[in-house]
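Note sheet for the following structure.
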Amino acid sequence: MPSVQCNLDTCHVVVAQILIMEQKILKLLARKDYRPADAHQLVAPLGLRRDQFAELEKALKQLEHSGQIFRTKGDRFCISQEADLVPGTIRMNRQGKGFLLPEQEGVKEIVVSESDTGTALHGDRVMVRREVRAHGARRAPHERESEMRGSVVRILERKRVQIVGTLQKSQQFLFVIPDDPRIPHDIYVLPAKDVGREPIIGDKVVVELREWQSRSSNPEGEIIEVLGKPDEEGVDMLSVLRQYNMPLHFPRNALHEAAVIAKERPQGEPTEEEMRGRVDARRHNVVTIDPDDAKDFDDAICLQPAGDGGWKLWVHIADVSHYVAPGTALDEEARKRGNSTYLVDRVIPMLPEALSNELCSLKPGVDRLTKCAEFLLSESGAVLQTKFYESVIRSKRRFTYKEALAVIQKPRNGDPIEEMVHDAHEMAQKIRRARFKAGSLDLDFPENKIRLDAHGRVLFVEKMENDVSHQLIEEYMLLANEAVATKLIAMHRPAPHRIHEAPNEERLQEYREEVVSHNIPCGNLTHRPEVQKLLQRLGTIPIGNALKIGFLKSLMRARYAVEPIGHYGLAKAKYTHFTSPIRRYADLLVHRALFNKNSASGFALKSVTDHISETERNSADAERDSKDVKMFAFLKAQLKDGPLHKYQALVTDVRNFGFFVDVTELGMSGLVHLSSVHDDFFVFDSARNVLVGRRTRRVIKLGDKIVVQVCKVDSFKKQVDFQFAREASQQELRGKKQPERKRSGGQGRPGGQGRRDRQ
């Protein structure tokens with residue numbers, strides 16, 4: 001592709017020139033004798049010609065946008081750090097409190113109180129001024145000793161200018177209540193014009209924000225799309241798609257490129273020329289193990305005895321980089337999307353189906369190109385040798401998790417492929433035990449998958465266990481990811497690394513105090529063995545799951561970064577994502593870095609890792625909301641038409657106004673408010689952190705298992721209230737059928753890989 005390469009080379013030259021200019025500016029502004037100056041005053045000190053002024057302005061604008069410099073009143077520029085200014089992405093909670101995720105590596109999270117967020121909205125790139133606390137100054141209530149605080153001084157970039165919400169009307173104004181509870185402000189709107197259909201009060205609409213100048217007044221906007229009534233079929237999911245800016249279609253040029261690639265291979269397989277020079281593994285007993293509804297199979301394995309008690313393991317990963325070249329429309333769209341998104345009723349793929357479900361998918365019985373990580377393992381599962389190369393395979397069998405589990409659970413029968421599955425299971429369990437012995441944390445929870453009927457209504461909720469069939473594949477993927485990260489670091493190749501920072505020590509101490517308050521032994525949680533002991537202990541007691549949820553909340557979120565600082569949860573010093581290039585752009589970049597030394601562009605990698613970390617968070621939020629809207633509709637139907645189903649719930653927090661519960665069967669949490677309890681009056685005992693009934697002397701405490709029913713569903717606040725279950729009358733139950741409840745070892749997301757994606 002010479003024309004594409006030529007364009008890339010030209011682009012790299014232009015970018016390099018801009019970078020040189022930016023470095024000169026930063027060097028000047030960092031000088032001790034520098035005084036804030038405007039653009040015209042910077043020309044001479046930088047040694048620029050007058051005809052380079054436009055180039056200077058462009059570089060200044062880029063540096064300001066990146067947050068490295070700051071424009072003061074009078075359009076004068078200074079280094080952001082000199083003024084204690086930190087650029088980053090602000091994330092809000094439902095109470096309006098902000099948390100800045102700094103863009104600079106090594107800078108701690110900055111807490112922004114509700115009154116100091118200005119006009120920032122959840123997800124915006126902002127500039128925050130760090131608060132410099134005088135020595136010995138008193139901290140605010142609930143403020144941690146090491147907590148860094150600040151205030152928003154500028155919006156660098158709006159994450160979203162289009163907001164989904166519900167149209168309402170006061171006596172004088174039309175306004176929209178945003179669906180996202182992290183946007184606490186109603187948006188004033190004018191009567192809609194030219195939007196296809198006239199919106200009516202109560203409709204779901206899309207609003208485009210106008211410039212919002214002051215927090216003291218509500219933002220204003222314009223209705224640009226009417227989605228329909230909230231209870232109309234399809235409107236709930238359309239609202240989620242619009243709210244998270246999920247693309248419904250691929251650009252025409254990307255589809256054209258995919259069609260050309262498929263047309264060049266009319267048999268749906270790679271050509272002989274493409275397979276030439278690759279290691280031929282088509283005779284190996286390669287298999288895939290995936291969810292029953294998966295269509296994109298991007299990983300496969302094979303295990304064989306290697307003599308002297310050793311074993312050869314091949315981890316084959318779909319060679320997406322062979323088809324998706326840098327600089328193409330397919331690559332640009334994949335980078336933009338960042339990853340595939342698995343909503344409750346559909347998949348928003350990163351690549352067109354001609355690639356994701358066909359040419360790249362490791363389907364059985366057809367030739368497929370792969371990138372291979374080959375391991376020589378000892379009898380105990382230790383890695384003795386690793387090799388990486390390009391290969392071609394022909395998968396012998398496609399297993400679902402359920403089918404693989406059935407093979408593992410039955411005696412060996414001599415079938416070569418099933419024998420290999422047995423061997424692979426036994427080896428995976430050895431590797432798993434060694435991983436936990438090395439310090440990896442067991443943070444798995446059962447997952448729920450919502451099954452829908454033909455009309456998009458909840459049919460039943462299926463519980464997914466992390467059984468040995470999942471673990472079989474998971475362990476080999478973790479092994480490959482770690483091996484690739486180790487190789488990339490040894491080669492000094494720029495690539496995205498998967499990192500998980502260690503938790504804040506003060507948060508761990510607060511969590512430890514909570515655990516000890518329940519008379520549960522707990523050591524120093526800054527020592528990993530003590531964390532492992534605690535997690536193991538929590539798995540054996542009724543209160544365990546409730547406290548385990550609290551531990552998860554104290555952890556940082558895994559993300560992508562240029563610097564390989566390690567993965568806390570997995571206890572791996574070197575870790576990346578290599579095994580899912582069909583649905584993660586990070587993996588595609590890792591493939592290019594590992595196999596093509598000229599493909600990695602270090603100067604742009606930081607912005608890419610920040611971007612794909614953000615798309616991952618956006619997809620996770622969209623996936624969660626897609627489940628929520630379906631469950632809210634399901635629970636509202638119960639309140640309206642009955643019957644009120646009974647659910648087992650776990651008490652996860654106790655307050656003076658009620659207690660919070662986790663309803664595992666629904667995959668939801670909610671509040672049981674004391675006002676819903678009619679047969680007793682509960683008093684909060686703060687010393688023991690329990691509620692005590694005055695009449696019955698019943699005690700409600702963390703970890704209690706109770707039976708609840710839905711009491712209230714608030715779609716605006718995205719909250720569900722529950723109440724103690726009452727006995728239903730025979731008349732209520734007559735002719736009413738509860739939704740089917742199934743249990744499975746299958747996967748928790750349509751077409752996805754679930755647990756092995758989250759690490």
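Labels for the structure tokens follow display order: chains A, B, ..., residues from 1 in each chain, ligands from 1.
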Query raised in the report: Leaving out A:Leu60 and any residue of its chain fewer than 5 positions from it, which residues lie within 12 Å of it when counting only C-alpha atoms, given as an MDAnalysis selection string?
Result: chainID A and resid 18:19 21:26 29 37:40 42:43 53:55 65:71 75:79
Requested in this report: Using backbone DSSP assignments, extract all strand (DSSP E) residues from stretch 389-522 of chain A; output them as a ChimeraX atom specification.
Outcome: /A:389-394,397-400,447-452,458-464,497-499
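Restricting the calculation to only C-alpha atoms, the smallest distance between A:Ala259 and any of A:Val128, A:Cys302, A:Ala354, A:Ile201 is found for A:Ala354.
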Produce a table with one row for each residue of stretch 435-474 of chain A that has an atom at most 12 Å from any atom of stretch 668-676 of chain A, each row naming the nearest atom pair and its distance in Å at one decimal; use only C-alpha atoms; arrange rows by chain and rising residue number; format as a Markdown table.
| residue | atom | partner | partner_atom | distance |
| --- | --- | --- | --- | --- |
| A:Glu447 | CA | A:Met668 | CA | 11.1 |
| A:Asn448 | CA | A:Met668 | CA | 9.8 |
| A:Ile450 | CA | A:Met668 | CA | 11.9 |
| A:Val461 | CA | A:Met668 | CA | 11.6 |
Requested in this report: Could you give me, as a PyMOL selection string, the residues within 10 Å of A:Ala404, counting only C-alpha atoms and dropping anything in the same chain fewer than 2 positions from it?
Outcome: chain A and resi 288-290+398-402+406-409+418+421-422+425+468-470+472+745
Each residue of stretch 482-544 of chain A lying at most 12 Å from stretch 609-617 of chain A should get a row with its shortest atom-to-atom pair and the distance in Å to one decimal, counting only C-alpha atoms; could you produce that, ordered by chain and increasing number, as a Markdown table?
| residue | atom | partner | partner_atom | distance |
| --- | --- | --- | --- | --- |
| A:Pro494 | CA | A:Thr609 | CA | 11.3 |
| A:Ala495 | CA | A:Thr609 | CA | 9.1 |
| A:Pro496 | CA | A:Thr609 | CA | 6.3 |
| A:His497 | CA | A:Thr609 | CA | 8.5 |
| A:Arg498 | CA | A:Thr609 | CA | 9.5 |
| A:Ile499 | CA | A:Ser613 | CA | 10.6 |
| A:His500 | CA | A:Ser613 | CA | 11.9 |
Give me a file of those residues, with N, CA and C atoms, as a CSV table (one decimal), in the first residue's frame.
chain,number,residue,atom,x,y,z
A,494,PRO,N,7.6,0.6,21.9
A,494,PRO,CA,6.4,1.3,22.5
A,494,PRO,C,5.1,0.6,22.2
A,495,ALA,N,4.3,0.4,23.2
A,495,ALA,CA,3.1,-0.4,23.0
A,495,ALA,C,2.2,-0.1,24.2
A,496,PRO,N,0.9,-0.3,24.0
A,496,PRO,CA,-0.1,-0.1,25.2
A,496,PRO,C,0.1,-1.2,26.2
A,497,HIS,N,0.3,-0.9,27.5
A,497,HIS,CA,0.3,-1.8,28.5
A,497,HIS,C,-0.9,-1.8,29.3
A,498,ARG,N,-1.4,-2.9,29.9
A,498,ARG,CA,-2.5,-3.0,30.7
A,498,ARG,C,-2.0,-2.8,32.2
A,499,ILE,N,-2.5,-1.7,32.8
A,499,ILE,CA,-2.0,-1.5,34.2
A,499,ILE,C,-3.1,-1.4,35.2
A,500,HIS,N,-2.8,-1.8,36.4
A,500,HIS,CA,-3.8,-1.7,37.5
A,500,HIS,C,-3.0,-1.2,38.7
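The closest residue to A:Glu64, picked from A:Lys295, A:Arg125, A:Arg698, A:Arg583 and counting only C-alpha atoms, is A:Arg125.
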Query - Nearest-residue call for A:Ile431, choices A:Glu530, A:Glu665, A:Glu513, A:Glu475, using only C-alpha atoms - result: A:Glu475
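Distances here use only C-alpha atoms; by that measure, the residue among A:Arg435, A:Lys463, A:Arg655, A:Arg335 closest to A:Gly667 is A:Lys463.
Using only C-alpha atoms for every distance, the candidate list A:Val677, A:Asn413, A:Glu482, A:Val287 yields A:Glu482 as the residue closest to A:Thr579.
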